[in-house]
Structures are given as structure tokens and as C-alpha cells.
Amino acid sequence: MNTIAGGVPIFGIPLPAPIETPTPPDTSNDYNNQDTQSYRAQLRVQPSDKLDINLAIDGLKSERASILGIPITTTFGDTPFHYGDAGKREINESFKNGETRDITGVGLNVEYDFDNNYTLRSITGYRDTELVYINDTDYSPVDYVSLYYQDNYQQTTQEFQLISPDDKNFKYVVGLYFYDQAADTIRNVMGGAAGWVFGVVPGGGAFNNGTVDTQSTALYISGSYKINDQLNLGFGARYSKETKDMLWNLDGSSSGSFGIGSTPGDMSDSKTDSNVSPAVSLNYAFDDGTNTYIKYSTGFKSGGFNLDFVTQSDIDAGLGFDKETVDSYEIGLKTSMLDDRLTLNLAYFDSTYSDYQVNQFFDLGDAADGTPLTSIRIENAAKVDTNGLEIEANFRATDDLTIVGSLGFLDATFTSYPDGANSVVLTSAGTIASVPEDAAGHDLPNAANFSAALGIQYLTGLDAMGMDLMLRLDVTHTGDYFTTVNNETSRIVPGTHPLTFTFDLPHYQGAATTMDTVPFGHINATTILNARIGLLSQTSGIEVYLWGRNLTDEDENVDSFRE
């Protein structure tokens with residue numbers, strides 16, 4: 001381990017001693033490996049022909065040496081990442097990250113059939129989730145800051161359904177749904193031995209804890225009416241009401257140049273959203289096994305609160321964001337040909353979102369020492385339009401050979417989002433600045449314009465062995481996409497931070513105005529090949545598989561994001 005002696009001024013900044021400096025990258029293979037134990041048990045009881053009771057219990061415990069990604073710049077975002085020349089599959093951090101999950105759940109379904117062929121169904125669920133997460137959130141071998149999360153969720157659901165007889169022209173389901181969730185969280189970011197660089201003393205930082213209680217009630221009906229042998233009318237409506245009660249405390253008084261805000265003690269707030277979501281469809285069946293449909297539906301996503309490491313201006317402006325609504329149209333065709341050996345489904349959809357909820361980073365400028373500041377929060381974009389075409393085919397070429405395939409085309413764009421994006425420009429003074437702009441016309445993050453899949457499966461009987469042999473090959477393709485609202489492909493790193501020389505001596509650019517760029521915000525198209533070989537018992541239900549994923553060893557990024 002190398003250290004820098006304390007008390008020696010560099011660029012006028014005295015360094016306390018000792019501070020860890022770059023260590024060799026960690027090339028171990030256990031990052032993101034997950035050790036999981038899970039169980040599931042199910043009990044079914046039928047006291048009579050009319051009553052059916054199903055009880056299920058499940059649980060999961062997992063541990064993971066978690067890593068969210070590989071840094072592409074230094075902690076300060078000022079130069080490309082060079083600590084120890086870590087490679088694409090290597091990391092260089094001051095301690096090893098970790099994550100543990102403990103999940104338990106219980107489900108109870110009770111169904112009773114009346115003499116008049118109506119059915120009453122009760123669906124009850126309970127789930128408890130505990131998560132503990134520690135992370136070297138500066139993503140460097142220098143101990144600047146570390147992050148600790150502890151989240152706990154208790155979720156209870158209850159649903160009652162009355163189902164009409166299935167042999168009538170008019171069929172429907174009427175339901176009543178209850179949802180209750182208690183969410184408790186502790187999220188702390190604490191300064192390490194070198195936290196003074198950001199004005200954070202060891203043990204100081206930002207401390208965040210609180211609860212959000214969510215109660216939701218919904219009343220719905222869904223059904224269909226058979227007009228004649230070819231024409232069928234579908235309908236539905238759902239009334240939802242959801243209330244979120246928040247009690248939250250944030251102490252950012254010792255967060256230094258990170259500029260995290262502080263609440264005046266415990267902050268409480270409540271938000272209630274209600275919505276009526278209708279749906280209607282018309283289905284027409286042709287005589288040749290082909291049917292077409294047209295559908296209109298609506299939906300909503302409730303609002304909430306930005307309870308995270310936010311700035312004081314975020315707190316003062318209000319932490320809430322509004323509900324999101326969507327209107328969707330869909331038209332489709334389903335057909336079968338060649339004696340039902342070939343089925344083909346086509347669907348075109350068009351959806352318009354209002355007050356679309358976007359989770360993104362916002363540039364807040366630089367602190368006094370030049371550190372770039374950001375804030376992550378959910379806010380409502382004005383409007384989003386998505387439309388696309390989906391094609392699915394299933395071809396049973398022989399009794400043993402089946403070929404399935406799909407194509408997807410998507411156009412998902414912001415049609416209005418004032419100040420939702422920003423352009424990073426180089427000023428005449430040799431610094432970078434962020435200029436807000438309307439994101440109208442920008443693609444939605446993580447929305448690929450094209451996707452495709454092809455699967456070939458061969459299944460034949462080995463009767464002498466009492467087994468079936470299955471061979472399957474799958475190819476999936478995902479087109480390129482952006483990961484930020486900005487629709488950028490690279491980021492400028494200014495190389496102006498005064499500590500660049502201290503921690504990146506071999507790569508110091510020598511001039512404060514030297515600008516580098518790093519690839520950021522754009523993910524290339526990927527094609528993945530998977531295969532599987534299996535033996536399936538014809539009598540006992542035992543199945544044994546040998547499988548491989550990403551057999552061509554594709555090595556592409558799947559995301560890029562700010563920290």
C-alpha cells in the first residue's frame with residue numbers, strides 16, 4: 001500500500017496523513033456472484049367439490065459481493081479513470097461492497113363455486129423484504145465516502161373476485177382490491193479517511209431515515225359480451241385511490257461540498273391520488289381461424305416523494321411528484337395457417353403519457369473547490385408518446401421441430417419536457433457549463449428502437465430410455481439505445497480539479513483547459529446466443545438440462561449512469 005505523507009501542500013491544499021492512494025485492481029471473479037438459498041412449499045386442500053384452498057409459503061436469502069458498474073472517470077469526474085489501469089472486468093475500490101436480502105412470503109387462495117355457477121375467489125398475500133447494502137460509493141481505491149442502506153418492506157394484499165358463469169354471452173369479473181405497505185429505510189453516506197477532500201470529516205456525511213406508508217384501494221369490473229358468433233365486445237373499468245404518508249429526516253449538515261440539505265427535524269407529508277381507468281375492445285373472428293381486434297385503455301401510476309440525498313433547494317421546492325397517466329390504443333391480428341402449424345400475431349400500439357415520471361440526474365454546477373454536483377430525483381415530464389409494432393410467429397415445421405420468432409419496433413420520445421435535458425459546453429474561460437434545454441424529440445432512456453428473437457427447438461422421444469430429448473437454440477437481439485434524457489454519446493471531463501495531480505500523476509494533462517471525453521449515455525446493439533440440451537422423463541416428471549448463455553462471449557455494456 002502506498003501513502004502520501006501528511007502536511008505537504010499540493011496546489012496550496014495541505015494533506016493530512018496518511019491517505020491511501022491507488023492500489024492494484026481487484027481481478028477476483030466473485031464480484032456480482034450471488035449465493036442464494038430459496039424454498040417454496042404449497043398445500044392444496046379440497047374439502048368439497050365446491051371449495052378449493054391453496055396455501056403457498058416461500059422464502060429467499062441471498063448474499064452478493066455487489067458491484068453496480070465500472071467507473072469511467074475518476075471520483076471527481078475530471079479525468080478518465082486510470083487508477084492502477086484497471087481493465088474492463090477489473091475494479092479498484094477501497095473496500096469490498098456487499099448486499100444481503102431476506103425475503104419471506106405467504107399466499108392464500110380460496111375459491112368457492114356456488115350452485116348457480118358463480119364463483120367467489122379470495123386472494124391474500126403477505127411479503128416481508130429486508131435489504132442491507134454497503135457500497136464504496138466513490139468508486140475509487142481512496143476512502144472518500146461509503147454508503148450504507150437498510151431497507152425493510154412489509155406488504156399485505158387482499159383481493160375479492162366475483163366471477164360470473166362462463167357459459168353466458170355476458171361474462172364478467174367484479175373485484176375489490178386492498179394494498180398496504182409499510183416501508184422503513186436508513187440510508188447514510190459517511191466520510192472516510194480522505195473525506196476531507198469534500199469537506200467531510202470521518203464519520204460525517206449525510207444521514208437519511210424515514211417511513212412511507214402506502215394504502216391503496218381499487219374497485220374494478222372486467223368482462224365481455226358476445227354480440228354474435230363473430231363479434232365480441234370487451235369492457236372494463238377500475239377506480240383506484242392511493243394514499244402515501246411520509247415521515248422523513250435528512251441531516252446533511254456535515255456533507256461538505258456535496259451540498260446535501262437538511263430537514264427541520266422530522267418532515268411529514270401526505271399525498272392522495274385517485275383515478276378512473278376505463279377500457280374497451282372489439283374483437284372480430286373470421287371463419288378461417290383469423291381474428292382481429294381494436295382496443296382502447298387507460299392507466300395511471302401514483303405520485304410520490306423524492307426521499308433521497310437531495311439539496312436544500314430540492315427540499316425547499318417540495319419533494320413530491322405527481323401521478324402519471326396514459327391513454328393507449330392497440331390494433332392487432334391473430335391468425336393460424338397450414339392446418340394450425342403456423343400462428344402469426346401482429347399488434348400495433350400507440351400510447352400517450354401525461355406527467356410522465358422520469359428518474360434522472362441533474363447537474364447543479366460546481367462546488368467552490370470545483371467538484372461537480374448532481375442531484376437525482378423523480379420529476380414529471382410534460383408528455384411522452386410511444387408507438388410500435390410487434391410481430392410474433394410460431395411454426396411447427398415437423399412433429400419434432402418448432403421455430404419461434406419475434407420482431408419489435410418502437411418509437412418512444414418526449415414530446416414536451418421543458419428544461420429536461422442539458423447541453424454541456426466549453427466556455428471561453430476554459431471550463432464546462434451545463435445549459436438547460438427542452439428534451440422534446442429525445443428518445444426515452446433505455447428504449448431500444450428494435451428488438452428481435454429467434455428460437456429453434458427439437459423435441460423427440462427416446463422411448464427405449466423412457467425419456468424425451470430436447471435441443472434448443474435461442475438468439476436475441478436488442479438494438480442500441482440511450483441511457484439518459486440528454487441522448488448523449490459522450491461526456492466531457494474537464495481535467496481541472498486541483499487534486500488531479502495528486503491522485504493521477506502519470507496521466508495529468510498539464511493544463512487546466514485540457515478537455516477529455518469518455519463514452520457515456522449510449523449502449524450499442526447486442527446479439528446473444530443461448531443453447532440448452534435436456535433429458536425429460538416421460539413418466540416421473542424429472543428433467544435434467546445442460547445449458548449455456550452468451551455462447552459467442554459478447555462483451556458489451558448494458559447501462560451507463562451517474563453517481
# chains A, B, ... in the order shown; residues from 1 in each chain; ligands from 1
$ closest_atom_pairs --of "segment 519-540 of chain A" --to "segment 475-485 of chain A" --cutoff "6 Å" --atoms "only C-alpha atoms" --output "JSON lines"
{"residue": "A:Gly521", "atom": "CA", "partner": "A:Thr483", "partner_atom": "CA", "distance": 5.0}
{"residue": "A:His522", "atom": "CA", "partner": "A:Phe482", "partner_atom": "CA", "distance": 4.5}
{"residue": "A:Ile523", "atom": "CA", "partner": "A:Asp480", "partner_atom": "CA", "distance": 5.4}
{"residue": "A:Asn524", "atom": "CA", "partner": "A:Asp480", "partner_atom": "CA", "distance": 4.5}
{"residue": "A:Ala525", "atom": "CA", "partner": "A:Asp480", "partner_atom": "CA", "distance": 4.2}
{"residue": "A:Thr526", "atom": "CA", "partner": "A:Thr478", "partner_atom": "CA", "distance": 5.4}
{"residue": "A:Thr527", "atom": "CA", "partner": "A:His477", "partner_atom": "CA", "distance": 4.3}
{"residue": "A:Ile528", "atom": "CA", "partner": "A:Thr476", "partner_atom": "CA", "distance": 5.3}
{"residue": "A:Leu529", "atom": "CA", "partner": "A:Val475", "partner_atom": "CA", "distance": 4.7}
$ write_last_selection --atoms "N, CA and C atoms" --output "PDB file, in the first residue's frame"
ATOM      1  N   GLY A 521     -23.618   7.238 -22.003  1.00  0.00           N
ATOM      2  CA  GLY A 521     -25.008   7.518 -22.314  1.00  0.00           C
ATOM      3  C   GLY A 521     -25.576   6.771 -23.503  1.00  0.00           C
ATOM      4  N   HIS A 522     -24.764   5.959 -24.198  1.00  0.00           N
ATOM      5  CA  HIS A 522     -25.263   5.250 -25.371  1.00  0.00           C
ATOM      6  C   HIS A 522     -24.797   3.803 -25.300  1.00  0.00           C
ATOM      7  N   ILE A 523     -25.735   2.868 -25.501  1.00  0.00           N
ATOM      8  CA  ILE A 523     -25.441   1.435 -25.448  1.00  0.00           C
ATOM      9  C   ILE A 523     -25.570   0.853 -26.842  1.00  0.00           C
ATOM     10  N   ASN A 524     -24.538   0.170 -27.293  1.00  0.00           N
ATOM     11  CA  ASN A 524     -24.550  -0.436 -28.621  1.00  0.00           C
ATOM     12  C   ASN A 524     -25.503  -1.626 -28.680  1.00  0.00           C
ATOM     13  N   ALA A 525     -25.920  -1.949 -29.888  1.00  0.00           N
ATOM     14  CA  ALA A 525     -26.767  -3.122 -30.098  1.00  0.00           C
ATOM     15  C   ALA A 525     -26.020  -4.395 -29.688  1.00  0.00           C
ATOM     16  N   THR A 526     -26.757  -5.364 -29.171  1.00  0.00           N
ATOM     17  CA  THR A 526     -26.154  -6.626 -28.744  1.00  0.00           C
ATOM     18  C   THR A 526     -26.958  -7.803 -29.288  1.00  0.00           C
ATOM     19  N   THR A 527     -26.250  -8.878 -29.594  1.00  0.00           N
ATOM     20  CA  THR A 527     -26.875 -10.124 -30.029  1.00  0.00           C
ATOM     21  C   THR A 527     -26.319 -11.249 -29.160  1.00  0.00           C
ATOM     22  N   ILE A 528     -27.204 -11.977 -28.506  1.00  0.00           N
ATOM     23  CA  ILE A 528     -26.804 -13.013 -27.549  1.00  0.00           C
ATOM     24  C   ILE A 528     -27.290 -14.371 -28.040  1.00  0.00           C
ATOM     25  N   LEU A 529     -26.414 -15.374 -27.936  1.00  0.00           N
ATOM     26  CA  LEU A 529     -26.734 -16.743 -28.323  1.00  0.00           C
ATOM     27  C   LEU A 529     -26.748 -17.630 -27.083  1.00  0.00           C
TER      28      LEU A 529
END
$ select_by_dssp --residues "segment 305-475 of chain A" --states "strand (DSSP E or B)" --output "number ranges by chain"
A: 305, 311, 320-321, 324-337, 342-366, 372-396, 401-416, 421-426, 432-437, 443, 450-462, 467-475
$ residues_around --residues "segment 138-140 of chain A" --least-positions-apart "6" --cutoff "7 Å" --atoms "only C-alpha atoms" --output "list of chain:residue names"
A:Pro71, A:Thr75, A:Asn92, A:Glu93, A:Ser94
$ residues_around --residues "Asn208 of chain A" --least-positions-apart "2" --cutoff "10 Å" --atoms "only C-alpha atoms" --output "list of chain:residue names"
A:Tyr149, A:Thr185, A:Ile186, A:Arg187, A:Asn188, A:Val189, A:Ala206, A:Gly210, A:Trp248, A:Asn249, A:Leu250, A:Asp251, A:Gly252, A:Ser262, A:Thr263, A:Leu307, A:Asp308, A:Phe309
$ residues_around --residues "Ile378 of chain A" --least-positions-apart "4" --cutoff "7 Å" --atoms "only C-alpha atoms" --output "MDAnalysis selection string"
chainID A and resid 306 321 357:360
$ write_last_selection --atoms "all heavy atoms" --output "PDB file, in the first residue's frame"
ATOM      1  N   ASN A 306     -39.574  12.393  -3.325  1.00  0.00           N
ATOM      2  CA  ASN A 306     -38.141  12.205  -3.557  1.00  0.00           C
ATOM      3  C   ASN A 306     -37.419  12.205  -2.217  1.00  0.00           C
ATOM      4  O   ASN A 306     -36.930  13.233  -1.736  1.00  0.00           O
ATOM      5  CB  ASN A 306     -37.604  13.331  -4.448  1.00  0.00           C
ATOM      6  CG  ASN A 306     -37.980  13.143  -5.902  1.00  0.00           C
ATOM      7  OD1 ASN A 306     -37.607  12.167  -6.533  1.00  0.00           O
ATOM      8  ND2 ASN A 306     -38.746  14.077  -6.429  1.00  0.00           N
ATOM      9  N   PHE A 321     -43.839  14.483  -6.338  1.00  0.00           N
ATOM     10  CA  PHE A 321     -44.062  14.479  -7.780  1.00  0.00           C
ATOM     11  C   PHE A 321     -45.448  13.892  -8.030  1.00  0.00           C
ATOM     12  O   PHE A 321     -45.991  13.143  -7.212  1.00  0.00           O
ATOM     13  CB  PHE A 321     -42.986  13.685  -8.530  1.00  0.00           C
ATOM     14  CG  PHE A 321     -42.780  12.281  -8.045  1.00  0.00           C
ATOM     15  CD1 PHE A 321     -43.498  11.224  -8.595  1.00  0.00           C
ATOM     16  CD2 PHE A 321     -41.865  12.000  -7.035  1.00  0.00           C
ATOM     17  CE1 PHE A 321     -43.311   9.925  -8.153  1.00  0.00           C
ATOM     18  CE2 PHE A 321     -41.677  10.699  -6.584  1.00  0.00           C
ATOM     19  CZ  PHE A 321     -42.405   9.661  -7.142  1.00  0.00           C
ATOM     20  N   GLN A 357     -43.316  10.132 -15.353  1.00  0.00           N
ATOM     21  CA  GLN A 357     -42.349  10.174 -14.258  1.00  0.00           C
ATOM     22  C   GLN A 357     -40.968   9.765 -14.763  1.00  0.00           C
ATOM     23  O   GLN A 357     -40.789   8.665 -15.287  1.00  0.00           O
ATOM     24  CB  GLN A 357     -42.806   9.259 -13.120  1.00  0.00           C
ATOM     25  CG  GLN A 357     -44.093   9.713 -12.463  1.00  0.00           C
ATOM     26  CD  GLN A 357     -44.630   8.713 -11.460  1.00  0.00           C
ATOM     27  OE1 GLN A 357     -43.966   7.714 -11.141  1.00  0.00           O
ATOM     28  NE2 GLN A 357     -45.823   8.953 -10.937  1.00  0.00           N
ATOM     29  N   VAL A 358     -39.994  10.657 -14.584  1.00  0.00           N
ATOM     30  CA  VAL A 358     -38.632  10.424 -15.050  1.00  0.00           C
ATOM     31  C   VAL A 358     -37.693  10.465 -13.850  1.00  0.00           C
ATOM     32  O   VAL A 358     -37.706  11.414 -13.065  1.00  0.00           O
ATOM     33  CB  VAL A 358     -38.195  11.487 -16.082  1.00  0.00           C
ATOM     34  CG1 VAL A 358     -36.811  11.158 -16.616  1.00  0.00           C
ATOM     35  CG2 VAL A 358     -39.197  11.567 -17.220  1.00  0.00           C
ATOM     36  N   ASN A 359     -36.865   9.439 -13.727  1.00  0.00           N
ATOM     37  CA  ASN A 359     -35.857   9.373 -12.669  1.00  0.00           C
ATOM     38  C   ASN A 359     -34.507   9.670 -13.301  1.00  0.00           C
ATOM     39  O   ASN A 359     -34.001   8.875 -14.086  1.00  0.00           O
ATOM     40  CB  ASN A 359     -35.858   7.987 -12.028  1.00  0.00           C
ATOM     41  CG  ASN A 359     -34.978   7.921 -10.796  1.00  0.00           C
ATOM     42  OD1 ASN A 359     -34.583   8.937 -10.252  1.00  0.00           O
ATOM     43  ND2 ASN A 359     -34.684   6.711 -10.356  1.00  0.00           N
ATOM     44  N   GLN A 360     -33.896  10.821 -12.968  1.00  0.00           N
ATOM     45  CA  GLN A 360     -32.668  11.182 -13.635  1.00  0.00           C
ATOM     46  C   GLN A 360     -31.784  12.067 -12.739  1.00  0.00           C
ATOM     47  O   GLN A 360     -32.221  12.609 -11.731  1.00  0.00           O
ATOM     48  CB  GLN A 360     -32.950  11.913 -14.937  1.00  0.00           C
ATOM     49  CG  GLN A 360     -33.585  13.292 -14.759  1.00  0.00           C
ATOM     50  CD  GLN A 360     -33.729  14.034 -16.062  1.00  0.00           C
ATOM     51  OE1 GLN A 360     -34.819  14.435 -16.427  1.00  0.00           O
ATOM     52  NE2 GLN A 360     -32.638  14.241 -16.757  1.00  0.00           N
TER      53      GLN A 360
END
$ residues_around --residues "segment 292-302 of chain A" --least-positions-apart "6" --cutoff "10 Å" --atoms "only C-alpha atoms" --output "VMD selection string"
chain A and resid 216 231 to 238 240 to 244 271 to 286 321 to 335 345 to 357
$ atom_distance --atom1 "atom CA of Phe561 of chain A" --atom2 "atom CA of Gly69 of chain A"
8.9 Å
$ atom_distance --atom1 "atom CA of Leu551 of chain A" --atom2 "atom CA of Ser537 of chain A"
26.9 Å
$ residues_around --residues "segment 64-67 of chain A" --least-positions-apart "6" --cutoff "6 Å" --atoms "only C-alpha atoms" --output "ChimeraX atom specification"
/A:31-34,97-99
$ closest_residue --among "A:Asn135, A:Asn446, A:Ser257, A:Gln42" --to "Asp411 of chain A" --atoms "only C-alpha atoms"
A:Asn446
$ decode --residues "segment 104-134 of chain A" --atoms "N, CA and C atoms" --output "short mmCIF file (atom, residue, chain, number, x, y, z; two decimals), in the first residue's frame"
data_model
loop_
_atom_site.label_atom_id
_atom_site.label_comp_id
_atom_site.auth_asym_id
_atom_site.auth_seq_id
_atom_site.Cartn_x
_atom_site.Cartn_y
_atom_site.Cartn_z
N THR A 104 -39.46 -13.21 2.71
CA THR A 104 -40.42 -14.26 3.02
C THR A 104 -41.79 -13.84 2.51
N GLY A 105 -42.58 -14.82 2.13
CA GLY A 105 -43.90 -14.52 1.62
C GLY A 105 -44.88 -15.65 1.89
N VAL A 106 -46.16 -15.27 2.01
CA VAL A 106 -47.24 -16.22 2.21
C VAL A 106 -48.38 -15.84 1.27
N GLY A 107 -48.96 -16.81 0.59
CA GLY A 107 -50.11 -16.58 -0.27
C GLY A 107 -51.21 -17.58 0.01
N LEU A 108 -52.44 -17.08 0.08
CA LEU A 108 -53.59 -17.95 0.35
C LEU A 108 -54.68 -17.64 -0.67
N ASN A 109 -55.05 -18.64 -1.47
CA ASN A 109 -56.14 -18.51 -2.44
C ASN A 109 -57.27 -19.45 -2.03
N VAL A 110 -58.46 -18.87 -1.90
CA VAL A 110 -59.64 -19.66 -1.55
C VAL A 110 -60.69 -19.41 -2.62
N GLU A 111 -61.26 -20.51 -3.18
CA GLU A 111 -62.22 -20.39 -4.27
C GLU A 111 -63.43 -21.26 -3.96
N TYR A 112 -64.61 -20.63 -4.09
CA TYR A 112 -65.85 -21.36 -3.81
C TYR A 112 -66.80 -21.22 -4.99
N ASP A 113 -67.33 -22.36 -5.49
CA ASP A 113 -68.27 -22.40 -6.60
C ASP A 113 -69.69 -22.56 -6.08
N PHE A 114 -70.56 -21.60 -6.40
CA PHE A 114 -71.96 -21.66 -5.98
C PHE A 114 -72.76 -22.57 -6.93
N ASP A 115 -73.96 -22.93 -6.48
CA ASP A 115 -74.81 -23.80 -7.29
C ASP A 115 -75.25 -23.14 -8.59
N ASN A 116 -75.30 -21.81 -8.62
CA ASN A 116 -75.71 -21.10 -9.84
C ASN A 116 -74.53 -20.82 -10.77
N ASN A 117 -73.40 -21.47 -10.53
CA ASN A 117 -72.19 -21.39 -11.36
C ASN A 117 -71.41 -20.09 -11.20
N TYR A 118 -71.81 -19.26 -10.27
CA TYR A 118 -70.96 -18.12 -9.91
C TYR A 118 -69.82 -18.62 -9.01
N THR A 119 -68.69 -17.91 -9.04
CA THR A 119 -67.53 -18.27 -8.24
C THR A 119 -67.07 -17.07 -7.41
N LEU A 120 -66.78 -17.32 -6.15
CA LEU A 120 -66.21 -16.30 -5.27
C LEU A 120 -64.78 -16.68 -4.97
N ARG A 121 -63.87 -15.76 -5.20
CA ARG A 121 -62.45 -16.05 -5.03
C ARG A 121 -61.83 -15.00 -4.08
N SER A 122 -61.02 -15.48 -3.16
CA SER A 122 -60.26 -14.62 -2.24
C SER A 122 -58.78 -14.87 -2.45
N ILE A 123 -58.01 -13.79 -2.66
CA ILE A 123 -56.57 -13.88 -2.88
C ILE A 123 -55.88 -13.02 -1.82
N THR A 124 -55.14 -13.67 -0.93
CA THR A 124 -54.47 -12.97 0.17
C THR A 124 -52.97 -13.15 0.04
N GLY A 125 -52.21 -12.08 0.25
CA GLY A 125 -50.76 -12.16 0.16
C GLY A 125 -50.06 -11.33 1.22
N TYR A 126 -48.93 -11.82 1.66
CA TYR A 126 -48.08 -11.07 2.60
C TYR A 126 -46.63 -11.29 2.20
N ARG A 127 -45.85 -10.21 2.22
CA ARG A 127 -44.43 -10.32 1.86
C ARG A 127 -43.62 -9.39 2.73
N ASP A 128 -42.52 -9.91 3.25
CA ASP A 128 -41.59 -9.15 4.08
C ASP A 128 -40.22 -9.19 3.41
N THR A 129 -39.66 -8.02 3.17
CA THR A 129 -38.37 -7.90 2.49
C THR A 129 -37.41 -7.07 3.33
N GLU A 130 -36.23 -7.60 3.58
CA GLU A 130 -35.18 -6.87 4.28
C GLU A 130 -33.94 -6.82 3.39
N LEU A 131 -33.37 -5.64 3.27
CA LEU A 131 -32.19 -5.43 2.42
C LEU A 131 -31.15 -4.63 3.20
N VAL A 132 -29.92 -5.13 3.20
CA VAL A 132 -28.78 -4.39 3.75
C VAL A 132 -27.73 -4.28 2.66
N TYR A 133 -27.24 -3.06 2.45
CA TYR A 133 -26.38 -2.81 1.29
C TYR A 133 -25.28 -1.83 1.69
N ILE A 134 -24.02 -2.21 1.46
CA ILE A 134 -22.90 -1.30 1.69
C ILE A 134 -22.14 -1.15 0.38
#
